[in-house]
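Below is one structure, written out as structure tokens; comments come after it.
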Amino acid sequence: MADTAAFVQQLLLAKVSCEFHLFERGVHDMALADETSASKPEDVNAEAARWVELAAAWLALDGSPEAYEI
């Protein structure tokens with residue numbers, strides 16, 4: 001997590017548009033974190049599954065929301 005935080009900090013210092021979400025539970029590589037993509041039951045995580053919606057909303061900030069609808 002420290003590497004990710006340092007990376008985000010450098011993006012912000014360079015004035016690169018970014019958004020960072022750290023979820024309390026879950027591991028990296030949970031795919032969509034829902035029933036459709038979980039390889040094991042513990043990979044289903046409703047909170048972490050929001051990353052798809054959050055990513056689409058962030059991408060839509062460029063003015064092309066229709067390109068990123070979920």
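How things are named: the first chain in the structure tokens is A, the next is B, and so on; residues count from 1 in each chain; ligands count from 1 in the order shown.
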So which residues touch A:His28 within 12 Å, counting only C-alpha atoms, skipping near sequence neighbours fewer than 2 positions away, as a ChimeraX atom specification?
-> /A:1,4,22-26,30-33,43,45,48-49,51
Residue nearest A:Glu42 - candidates A:Ala2, A:Cys18, A:Val27, A:Asp62, atoms counted: only C-alpha atoms |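 When distances to A:Glu42 are compared using only C-alpha atoms, the smallest one comes from A:Val27.
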Could you pull out the residues in chain A that DSSP calls helix (DSSP H, G or I) from the backbone, as JSON, numbers by chain?
-> {"A": [2, 3, 4, 5, 6, 7, 8, 9, 10, 11, 12, 13, 41, 42, 43, 46, 47, 48, 49, 51, 52, 53, 54, 55, 56, 57, 58, 59, 60, 65, 66, 67, 68]}
Selection near A:Val8, 10 Å with only C-alpha atoms, sequence-local residues under 6 positions removed, as a PyMOL selection string = chain A and resi 2+14+16-20
Mind pulling up the distance from atom CA of A:Ala46 to atom CA of A:Asp34?
->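 Pair atom CA of A:Asp34 / atom CA of A:Ala46 returns 6.9 Å.
Computed from the coordinates, the atom CA of A:Ala5 to atom CA of A:His21 distance equals 10.2 Å.
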